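One file, run.cif, is given below (mmCIF, C-alpha atoms).
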```cif
data_coords
loop_
_atom_site.label_atom_id
_atom_site.label_comp_id
_atom_site.auth_asym_id
_atom_site.auth_seq_id
_atom_site.Cartn_x
_atom_site.Cartn_y
_atom_site.Cartn_z
CA MET A 1 -4.74 6.46 49.03
CA SER A 2 -1.46 5.52 47.46
CA ALA A 3 -3.21 2.67 45.65
CA MET A 4 -5.19 5.29 43.74
CA PHE A 5 -1.99 6.93 42.58
CA VAL A 6 -0.60 3.57 41.52
CA VAL A 7 -3.73 2.70 39.60
CA THR A 8 -3.87 5.99 37.72
CA GLY A 9 -0.16 5.77 37.04
CA THR A 10 -0.38 2.32 35.50
CA GLY A 11 -3.52 3.28 33.61
CA ILE A 12 -1.85 6.32 32.06
CA GLN A 13 1.29 4.36 31.19
CA TYR A 14 -0.77 1.61 29.58
CA ALA A 15 -2.76 4.11 27.50
CA GLN A 16 0.36 5.95 26.37
CA ASN A 17 2.15 2.73 25.49
CA LYS A 18 -0.76 1.50 23.47
CA ARG A 19 -1.14 4.73 21.52
CA ASN A 20 2.54 5.17 20.74
CA GLU A 21 3.53 1.51 20.26
CA GLY A 22 6.08 1.57 23.03
CA LYS A 23 7.83 4.74 21.88
CA ALA A 24 7.96 8.05 23.72
CA ILE A 25 5.02 10.43 23.25
CA ARG A 26 5.22 13.13 20.62
CA TYR A 27 4.33 16.55 21.91
CA SER A 28 4.06 20.00 20.36
CA ILE A 29 2.69 18.49 17.17
CA ASP A 30 1.90 21.17 14.58
CA HIS A 31 0.01 20.81 11.32
CA TRP A 32 3.15 19.69 9.50
CA ASP A 33 3.66 16.84 11.96
CA GLN A 34 -0.01 15.90 11.84
CA LYS A 35 0.05 15.62 8.06
CA MET A 36 3.33 13.71 8.20
CA MET A 37 1.82 11.25 10.68
CA GLU A 38 -1.19 10.79 8.40
CA ARG A 39 1.21 10.02 5.56
CA ASP A 40 3.03 7.53 7.81
CA LYS A 41 -0.31 5.89 8.46
CA GLN A 42 -0.83 5.51 4.71
CA LEU A 43 2.60 3.99 4.32
CA THR A 44 2.77 1.69 7.33
CA GLY A 45 -0.73 1.40 8.79
CA SER A 46 -0.11 3.24 12.06
CA LYS A 47 0.77 6.77 13.00
CA ARG A 48 4.03 5.95 14.77
CA GLY A 49 5.23 3.22 12.44
CA GLN A 50 8.34 4.04 10.42
CA THR A 51 9.97 2.49 7.37
CA ASP A 52 12.91 3.66 5.38
CA ASN A 53 12.65 1.95 2.01
CA PRO A 54 13.19 4.57 -0.70
CA VAL A 55 10.39 3.41 -2.99
CA ALA A 56 6.80 3.25 -1.76
CA PRO A 57 4.59 0.19 -2.37
CA PRO A 58 2.16 0.66 -5.28
CA GLU A 59 -0.82 0.88 -2.89
CA PHE A 60 0.49 4.22 -1.68
CA LYS A 61 -0.57 5.95 -4.88
CA VAL A 62 -4.27 5.32 -4.29
CA ASN A 63 -4.84 5.09 -0.55
CA SER A 64 -4.93 8.75 0.43
CA ALA A 65 -8.19 9.87 2.02
CA TRP A 66 -10.37 12.95 1.61
CA LYS A 67 -12.32 14.16 4.62
CA VAL A 68 -16.02 14.46 3.86
CA TYR A 69 -18.57 16.17 6.08
CA LYS A 70 -22.31 16.32 6.07
CA SER A 71 -23.39 19.69 4.82
CA LEU A 72 -24.46 22.32 7.34
CA ARG A 73 -26.86 23.96 4.91
CA ASN A 74 -30.56 23.37 5.53
CA ASP A 75 -31.61 23.46 1.90
CA ILE A 76 -29.25 20.71 0.76
CA ILE A 77 -30.23 17.19 1.67
CA MET G 1 -6.87 22.86 7.68
CA VAL G 2 -10.57 22.26 7.54
CA ASN G 3 -13.24 24.46 6.03
CA PRO G 4 -14.28 27.14 8.50
CA GLY G 5 -17.48 26.12 10.26
CA TYR G 6 -16.52 22.45 10.17
CA ASP G 7 -13.62 22.69 12.60
CA HIS G 8 -15.15 20.58 15.35
CA PHE G 9 -17.04 18.12 13.20
CA GLU G 10 -16.04 14.51 12.82
CA GLY G 11 -15.76 13.91 9.12
CA GLU G 12 -15.54 10.57 7.41
CA ASP G 13 -12.59 9.39 5.40
CA TRP G 14 -13.35 8.78 1.75
CA ILE G 15 -10.69 7.00 -0.30
CA ASP G 16 -10.67 7.53 -4.05
CA THR G 17 -9.24 4.41 -5.60
CA THR G 18 -9.02 5.54 -9.23
CA PRO G 19 -5.37 5.28 -10.30
CA PRO G 20 -3.54 8.23 -11.87
CA PRO G 21 -4.31 8.75 -15.57
CA SER G 22 -2.30 6.66 -17.98
CA PHE G 23 -1.01 9.52 -20.11
CA LEU G 24 1.18 10.71 -17.22
CA PRO G 25 4.65 9.17 -17.01
CA HIS G 26 4.98 6.72 -14.17
CA VAL G 27 6.98 7.76 -11.12
CA ASP G 28 7.71 5.75 -7.96
CA GLU G 29 6.71 7.53 -4.78
CA VAL G 30 9.06 8.10 -1.86
CA GLY G 31 8.52 5.32 0.66
CA ALA G 32 10.32 6.75 3.67
CA THR G 33 8.23 7.92 6.60
CA GLY G 34 8.79 10.98 8.82
CA ALA G 35 11.83 10.10 10.93
CA PRO G 36 14.09 8.77 8.12
CA LEU G 37 13.14 11.72 5.95
CA LYS G 38 13.99 14.17 8.69
CA SER G 39 17.27 12.40 9.30
CA ALA G 40 18.23 12.59 5.63
CA SER G 41 16.70 16.02 5.11
CA TYR G 42 19.82 18.18 4.97
CA PHE G 43 21.52 15.79 2.57
CA ILE G 44 18.50 15.52 0.31
CA GLY G 45 18.36 19.30 0.39
CA SER G 46 21.96 19.77 -0.65
CA MET G 47 21.82 17.07 -3.32
CA CYS G 48 18.49 18.02 -4.86
CA LYS G 49 18.76 21.77 -4.50
CA GLU G 50 18.09 22.73 -8.13
CA TYR G 51 15.10 20.46 -8.55
CA ASN G 52 13.54 21.63 -5.28
CA GLU G 53 14.04 25.26 -6.17
CA ASP G 54 12.53 24.70 -9.63
CA PHE G 55 9.48 23.10 -8.05
CA MET G 56 9.00 25.88 -5.53
CA LEU G 57 9.32 28.59 -8.18
CA CYS G 58 6.84 26.74 -10.36
CA LYS G 59 4.35 26.47 -7.50
CA ASN G 60 4.83 30.14 -6.84
CA GLU G 61 3.48 30.93 -10.30
CA ASP G 62 0.38 28.76 -10.10
CA ARG G 63 -0.95 26.58 -7.27
CA ASN G 64 -2.89 24.35 -9.69
CA PRO G 65 -1.53 20.79 -9.16
CA GLU G 66 -1.50 20.13 -12.88
CA HIS G 67 0.94 22.92 -13.55
CA CYS G 68 3.90 21.46 -11.68
CA LEU G 69 3.60 17.74 -12.30
CA LYS G 70 6.85 17.55 -14.28
CA GLU G 71 8.95 19.37 -11.70
CA GLY G 72 7.32 17.28 -9.00
CA ARG G 73 8.36 14.08 -10.72
CA LYS G 74 11.94 15.30 -10.83
CA VAL G 75 11.88 16.11 -7.11
CA THR G 76 10.51 12.68 -6.26
CA ARG G 77 13.12 10.88 -8.35
CA CYS G 78 15.95 12.92 -6.87
CA THR G 79 14.78 12.18 -3.32
CA ILE G 80 14.55 8.46 -4.04
CA ASP G 81 18.06 8.60 -5.50
CA ALA G 82 19.44 10.39 -2.45
CA LEU G 83 17.84 7.91 -0.06
CA GLN G 84 19.18 4.96 -2.05
CA LYS G 85 22.67 6.43 -1.97
CA ILE G 86 22.55 6.97 1.78
CA GLN G 87 21.32 3.47 2.40
CA SER G 88 23.89 1.87 0.15
CA LYS G 89 26.84 3.09 2.21
CA CYS G 90 25.72 4.14 5.70
CA LEU G 91 22.75 1.98 6.56
CA THR G 92 23.49 1.21 10.23
CA GLU G 93 24.31 4.80 11.18
CA PHE G 94 21.25 6.07 9.28
CA ARG G 95 18.99 3.62 11.09
CA ALA G 96 20.54 4.44 14.47
CA HIS G 97 19.97 8.13 13.87
CA TRP G 98 16.39 7.90 12.83
CA THR G 99 15.39 5.48 15.57
CA CYS G 100 16.90 7.96 18.03
CA LEU G 101 14.93 10.80 16.43
CA ASP G 102 11.76 8.76 16.59
CA ASN G 103 12.12 8.38 20.34
CA LYS G 104 12.99 12.00 21.02
CA ASN G 105 10.09 13.82 19.41
CA GLN G 106 12.05 14.26 16.16
CA GLU G 107 14.34 16.90 17.63
CA PHE G 108 17.84 17.09 16.22
CA GLY G 109 19.27 18.61 19.38
CA ARG G 110 18.57 15.52 21.44
CA CYS G 111 20.33 13.07 19.15
CA ARG G 112 23.78 14.53 18.62
CA GLU G 113 25.91 11.39 19.14
CA PRO G 114 24.26 9.19 16.51
CA GLU G 115 24.21 12.22 14.25
CA LYS G 116 27.95 12.67 14.61
CA ALA G 117 28.68 9.10 13.54
CA TYR G 118 26.17 9.43 10.70
CA ASN G 119 27.68 12.66 9.38
CA GLU G 120 31.19 11.22 9.52
CA CYS G 121 30.12 8.11 7.64
CA LEU G 122 28.46 10.17 4.92
CA PHE G 123 31.45 12.48 4.64
CA LYS G 124 33.78 9.51 4.22
CA ALA G 125 31.53 7.85 1.66
CA PHE G 126 30.43 10.80 -0.49
CA GLY G 127 32.09 13.94 0.79
CA TRP G 128 28.74 15.40 1.90
CA LYS G 129 28.75 17.83 4.74
CA LYS G 130 25.66 18.87 6.67
CA ASP G 131 25.32 22.58 6.21
CA ILE G 132 22.55 24.70 7.69
CA PRO G 133 21.72 27.38 5.11
CA LEU G 134 21.72 30.99 6.33
CA ALA G 135 23.61 30.10 9.49
CA PRO G 136 25.95 32.81 10.77
CA THR G 137 29.42 32.17 9.46
CA ASN G 138 31.45 33.61 12.29
CA LYS G 139 30.72 30.77 14.70
CA PRO G 140 30.64 26.99 14.34
CA GLN G 141 27.33 25.55 13.22
CA ILE G 142 25.08 24.22 15.93
CA HIS G 143 25.72 20.56 15.23
CA GLU G 144 29.47 21.12 15.32
CA ARG G 145 29.61 22.99 18.58
CA THR G 146 31.61 21.30 21.30
CA PRO G 147 30.18 21.56 24.81
CA LEU G 148 31.86 24.00 27.17
CA ALA G 149 34.27 21.91 29.17
#
```

Starting from the coordinates I provided, produce the structure as structure tokens.
Amino acid sequence: MSAMFVVTGTGIQYAQNKRNEGKAIRYSIDHWDQKMMERDKQLTGSKRGQTDNPVAPPEFKVNSAWKVYKSLRNDII
Amino acid sequence: MVNPGYDHFEGEDWIDTTPPPSFLPHVDEVGATGAPLKSASYFIGSMCKEYNEDFMLCKNEDRNPEHCLKEGRKVTRCTIDALQKIQSKCLTEFRAHWTCLDNKNQEFGRCREPEKAYNECLFKAFGWKKDIPLAPTNKPQIHERTPLA
């Protein structure tokens, strides 16, 4: 019985560590924080990575992404 | 914010690699990510107040991105300047503060000790004081409150 608790505990800790790169989890994330984390991903390659150099590398100007969806309309292919 | 009707769809990411047009003056982008920016936010705000206000008033007139490119360039340059100034004099305290913020869900209230050292270093170097706008003036500001003994 207690082994089940241990297993789930380690599994959850492993998943959280992997997603947050060893840092604490971020909670209560609103749209501002989501967009900021997307921008961090453009700058560093991961959502929790941080850098503090004042000037961005030149790749930053062209690596922002638009979200595209398949159209819901039946008359457009 | 996604178009209504597409809220629960998984879209694909499409990256447009065309560079900005060449007739626009070149500007370096700000390279700091979320935690350092939040740490330096009050000081950037007090140093770049006029440029930020110009940009916001300009956006208020017209949301077209082309309308406010010039003011936007000024804001970017001022932010880069502020960050360079902070890092030239107070690098260790700045880094300590934003690593603390990064571990505490980016909440100022959980990182008061590194913030105190950071504010003192900046005050000694440049005379900048962290000031929360529109705070009530009859009591000490929240980052200067001493705990009840």

Find the residues near G:Lys116: any atom within 10 Å, counting all atoms listed in the file, skip ones fewer than 5 places away on the same chain, and give them as a PDB file with C-alpha atoms, keeping the file's coordinate frame.
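Final output, around.pdb:
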```pdb
ATOM      1  CA  GLU G  93      24.310   4.800  11.180  1.00  0.00           C
ATOM      2  CA  HIS G  97      19.970   8.130  13.870  1.00  0.00           C
ATOM      3  CA  CYS G 111      20.330  13.070  19.150  1.00  0.00           C
ATOM      4  CA  CYS G 121      30.120   8.110   7.640  1.00  0.00           C
ATOM      5  CA  HIS G 143      25.720  20.560  15.230  1.00  0.00           C
ATOM      6  CA  GLU G 144      29.470  21.120  15.320  1.00  0.00           C
TER       7      GLU G 144
END
```

Atom pair atom CA of A:Lys61 / atom CA of G:Ala35: separation (Å):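 Answer for the atom CA of A:Lys61 to atom CA of G:Ala35 separation: 20.5 Å.
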
Could you state which residues are captured by the PyMOL selection byres ((chain A and resi 39) around 10) in this file, as a ChimeraX atom specification? /A:33-38,40-47,60,63-64 /G:31-34

If you keep C-alpha atoms, can you produce a file of those selected residues as an mmCIF file, in the frame of the given file?
```cif
data_model
loop_
_atom_site.group_PDB
_atom_site.id
_atom_site.type_symbol
_atom_site.label_atom_id
_atom_site.label_comp_id
_atom_site.auth_asym_id
_atom_site.auth_seq_id
_atom_site.Cartn_x
_atom_site.Cartn_y
_atom_site.Cartn_z
ATOM 1 C CA ASP A 33 3.660 16.840 11.960
ATOM 2 C CA GLN A 34 -0.010 15.900 11.840
ATOM 3 C CA LYS A 35 0.050 15.620 8.060
ATOM 4 C CA MET A 36 3.330 13.710 8.200
ATOM 5 C CA MET A 37 1.820 11.250 10.680
ATOM 6 C CA GLU A 38 -1.190 10.790 8.400
ATOM 7 C CA ASP A 40 3.030 7.530 7.810
ATOM 8 C CA LYS A 41 -0.310 5.890 8.460
ATOM 9 C CA GLN A 42 -0.830 5.510 4.710
ATOM 10 C CA LEU A 43 2.600 3.990 4.320
ATOM 11 C CA THR A 44 2.770 1.690 7.330
ATOM 12 C CA GLY A 45 -0.730 1.400 8.790
ATOM 13 C CA SER A 46 -0.110 3.240 12.060
ATOM 14 C CA LYS A 47 0.770 6.770 13.000
ATOM 15 C CA PHE A 60 0.490 4.220 -1.680
ATOM 16 C CA ASN A 63 -4.840 5.090 -0.550
ATOM 17 C CA SER A 64 -4.930 8.750 0.430
ATOM 18 C CA GLY G 31 8.520 5.320 0.660
ATOM 19 C CA ALA G 32 10.320 6.750 3.670
ATOM 20 C CA THR G 33 8.230 7.920 6.600
ATOM 21 C CA GLY G 34 8.790 10.980 8.820
#
```

Go through the shown structure with the PyMOL selection byres ((chain A) within 7 of (chain G)) and write out the matching residues as a VMD selection string. chain A and resid 23 to 24 26 to 27 36 40 50 to 56 62 to 69

Just give me the gap between atom CA of G:Pro65 and atom CA of G:Tyr51 in Å, one decimal is fine.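 Atom-to-atom, atom CA of G:Pro65 and atom CA of G:Tyr51 are spaced 16.6 Å apart.
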
Any idea what the distance is between atom CA of G:Leu134 and atom CA of G:Val75?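 Separation between atom CA of G:Leu134 and atom CA of G:Val75: 22.3 Å.
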
Which of these, G:Lys129, G:Glu120, G:Leu69, G:Ser41, has the shortest distance to G:Phe108 once you count only C-alpha atoms?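 Selected residue with least distance to G:Phe108: G:Ser41.
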
Pick out the closest residue to G:Glu115 from this set: G:Cys90, G:Leu24, G:Ala135, G:Leu57. Count all atoms listed in the file. G:Cys90

Using all atoms listed in the file for the distances, tell me which of G:Glu71, G:Arg145, G:Gly109, G:Glu66 is nearest to G:Glu53. G:Glu71

Just the residues within 9 Å of G:Lys130, please, counting all atoms listed in the file, with nothing from its chain fewer than 6 positions along; format it as a list in words. Tyr42, Phe43, Ser46, Asn119, Phe123 and His143 of chain G

N, CA and C atoms for stretch 2-34 of chain A, written as a PDB file, keeping the file's coordinate frame, could you do that?
```pdb
ATOM      1  N   SER A   2      -2.550   5.673  48.427  1.00  0.00           N
ATOM      2  CA  SER A   2      -1.460   5.520  47.460  1.00  0.00           C
ATOM      3  C   SER A   2      -1.829   4.535  46.374  1.00  0.00           C
ATOM      4  N   ALA A   3      -2.767   3.616  46.692  1.00  0.00           N
ATOM      5  CA  ALA A   3      -3.210   2.670  45.650  1.00  0.00           C
ATOM      6  C   ALA A   3      -3.856   3.409  44.496  1.00  0.00           C
ATOM      7  N   MET A   4      -4.555   4.517  44.822  1.00  0.00           N
ATOM      8  CA  MET A   4      -5.190   5.290  43.740  1.00  0.00           C
ATOM      9  C   MET A   4      -4.143   5.877  42.806  1.00  0.00           C
ATOM     10  N   PHE A   5      -3.057   6.385  43.420  1.00  0.00           N
ATOM     11  CA  PHE A   5      -1.990   6.930  42.580  1.00  0.00           C
ATOM     12  C   PHE A   5      -1.409   5.859  41.676  1.00  0.00           C
ATOM     13  N   VAL A   6      -1.202   4.657  42.295  1.00  0.00           N
ATOM     14  CA  VAL A   6      -0.600   3.570  41.520  1.00  0.00           C
ATOM     15  C   VAL A   6      -1.502   3.192  40.357  1.00  0.00           C
ATOM     16  N   VAL A   7      -2.798   3.129  40.651  1.00  0.00           N
ATOM     17  CA  VAL A   7      -3.730   2.700  39.600  1.00  0.00           C
ATOM     18  C   VAL A   7      -3.755   3.709  38.456  1.00  0.00           C
ATOM     19  N   THR A   8      -3.844   4.993  38.811  1.00  0.00           N
ATOM     20  CA  THR A   8      -3.870   5.990  37.720  1.00  0.00           C
ATOM     21  C   THR A   8      -2.554   5.980  36.968  1.00  0.00           C
ATOM     22  N   GLY A   9      -1.451   5.790  37.718  1.00  0.00           N
ATOM     23  CA  GLY A   9      -0.160   5.770  37.040  1.00  0.00           C
ATOM     24  C   GLY A   9      -0.075   4.654  36.022  1.00  0.00           C
ATOM     25  N   THR A  10      -0.459   3.443  36.453  1.00  0.00           N
ATOM     26  CA  THR A  10      -0.380   2.320  35.500  1.00  0.00           C
ATOM     27  C   THR A  10      -1.354   2.520  34.360  1.00  0.00           C
ATOM     28  N   GLY A  11      -2.552   3.065  34.682  1.00  0.00           N
ATOM     29  CA  GLY A  11      -3.520   3.280  33.610  1.00  0.00           C
ATOM     30  C   GLY A  11      -3.004   4.234  32.554  1.00  0.00           C
ATOM     31  N   ILE A  12      -2.374   5.338  33.014  1.00  0.00           N
ATOM     32  CA  ILE A  12      -1.850   6.320  32.060  1.00  0.00           C
ATOM     33  C   ILE A  12      -0.712   5.716  31.244  1.00  0.00           C
ATOM     34  N   GLN A  13       0.174   4.969  31.930  1.00  0.00           N
ATOM     35  CA  GLN A  13       1.290   4.360  31.190  1.00  0.00           C
ATOM     36  C   GLN A  13       0.778   3.371  30.155  1.00  0.00           C
ATOM     37  N   TYR A  14      -0.239   2.578  30.532  1.00  0.00           N
ATOM     38  CA  TYR A  14      -0.770   1.610  29.580  1.00  0.00           C
ATOM     39  C   TYR A  14      -1.372   2.313  28.370  1.00  0.00           C
ATOM     40  N   ALA A  15      -2.129   3.396  28.624  1.00  0.00           N
ATOM     41  CA  ALA A  15      -2.760   4.110  27.500  1.00  0.00           C
ATOM     42  C   ALA A  15      -1.707   4.712  26.584  1.00  0.00           C
ATOM     43  N   GLN A  16      -0.680   5.311  27.191  1.00  0.00           N
ATOM     44  CA  GLN A  16       0.360   5.950  26.370  1.00  0.00           C
ATOM     45  C   GLN A  16       1.130   4.917  25.562  1.00  0.00           C
ATOM     46  N   ASN A  17       1.431   3.775  26.207  1.00  0.00           N
ATOM     47  CA  ASN A  17       2.150   2.730  25.490  1.00  0.00           C
ATOM     48  C   ASN A  17       1.367   2.237  24.295  1.00  0.00           C
ATOM     49  N   LYS A  18       0.063   2.041  24.537  1.00  0.00           N
ATOM     50  CA  LYS A  18      -0.760   1.500  23.470  1.00  0.00           C
ATOM     51  C   LYS A  18      -0.849   2.468  22.302  1.00  0.00           C
ATOM     52  N   ARG A  19      -0.973   3.778  22.617  1.00  0.00           N
ATOM     53  CA  ARG A  19      -1.140   4.730  21.520  1.00  0.00           C
ATOM     54  C   ARG A  19       0.130   4.967  20.756  1.00  0.00           C
ATOM     55  N   ASN A  20       1.292   4.836  21.430  1.00  0.00           N
ATOM     56  CA  ASN A  20       2.540   5.170  20.740  1.00  0.00           C
ATOM     57  C   ASN A  20       3.383   3.962  20.423  1.00  0.00           C
ATOM     58  N   GLU A  21       2.821   2.752  20.563  1.00  0.00           N
ATOM     59  CA  GLU A  21       3.530   1.510  20.260  1.00  0.00           C
ATOM     60  C   GLU A  21       4.857   1.414  20.969  1.00  0.00           C
ATOM     61  N   GLY A  22       4.874   1.758  22.247  1.00  0.00           N
ATOM     62  CA  GLY A  22       6.080   1.570  23.030  1.00  0.00           C
ATOM     63  C   GLY A  22       7.088   2.692  22.900  1.00  0.00           C
ATOM     64  N   LYS A  23       6.862   3.655  22.010  1.00  0.00           N
ATOM     65  CA  LYS A  23       7.830   4.740  21.880  1.00  0.00           C
ATOM     66  C   LYS A  23       7.419   5.881  22.797  1.00  0.00           C
ATOM     67  N   ALA A  24       8.284   6.892  22.891  1.00  0.00           N
ATOM     68  CA  ALA A  24       7.960   8.050  23.720  1.00  0.00           C
ATOM     69  C   ALA A  24       6.847   8.849  23.044  1.00  0.00           C
ATOM     70  N   ILE A  25       6.104   9.662  23.860  1.00  0.00           N
ATOM     71  CA  ILE A  25       5.020  10.430  23.250  1.00  0.00           C
ATOM     72  C   ILE A  25       5.589  11.557  22.436  1.00  0.00           C
ATOM     73  N   ARG A  26       4.832  11.969  21.411  1.00  0.00           N
ATOM     74  CA  ARG A  26       5.220  13.130  20.620  1.00  0.00           C
ATOM     75  C   ARG A  26       4.389  14.304  21.103  1.00  0.00           C
ATOM     76  N   TYR A  27       5.046  15.385  21.410  1.00  0.00           N
ATOM     77  CA  TYR A  27       4.330  16.550  21.910  1.00  0.00           C
ATOM     78  C   TYR A  27       4.613  17.723  20.989  1.00  0.00           C
ATOM     79  N   SER A  28       3.923  18.800  21.195  1.00  0.00           N
ATOM     80  CA  SER A  28       4.060  20.000  20.360  1.00  0.00           C
ATOM     81  C   SER A  28       3.927  19.654  18.894  1.00  0.00           C
ATOM     82  N   ILE A  29       2.872  18.913  18.567  1.00  0.00           N
ATOM     83  CA  ILE A  29       2.690  18.490  17.170  1.00  0.00           C
ATOM     84  C   ILE A  29       1.983  19.613  16.446  1.00  0.00           C
ATOM     85  N   ASP A  30       2.575  20.130  15.361  1.00  0.00           N
ATOM     86  CA  ASP A  30       1.900  21.170  14.580  1.00  0.00           C
ATOM     87  C   ASP A  30       1.277  20.532  13.350  1.00  0.00           C
ATOM     88  N   HIS A  31       0.725  21.359  12.470  1.00  0.00           N
ATOM     89  CA  HIS A  31       0.010  20.810  11.320  1.00  0.00           C
ATOM     90  C   HIS A  31       0.926  19.997  10.425  1.00  0.00           C
ATOM     91  N   TRP A  32       2.183  20.448  10.316  1.00  0.00           N
ATOM     92  CA  TRP A  32       3.150  19.690   9.500  1.00  0.00           C
ATOM     93  C   TRP A  32       3.290  18.269  10.019  1.00  0.00           C
ATOM     94  N   ASP A  33       3.471  18.171  11.375  1.00  0.00           N
ATOM     95  CA  ASP A  33       3.660  16.840  11.960  1.00  0.00           C
ATOM     96  C   ASP A  33       2.388  16.011  11.848  1.00  0.00           C
ATOM     97  N   GLN A  34       1.224  16.665  11.964  1.00  0.00           N
ATOM     98  CA  GLN A  34      -0.010  15.900  11.840  1.00  0.00           C
ATOM     99  C   GLN A  34      -0.139  15.302  10.447  1.00  0.00           C
TER     100      GLN A  34
END
```
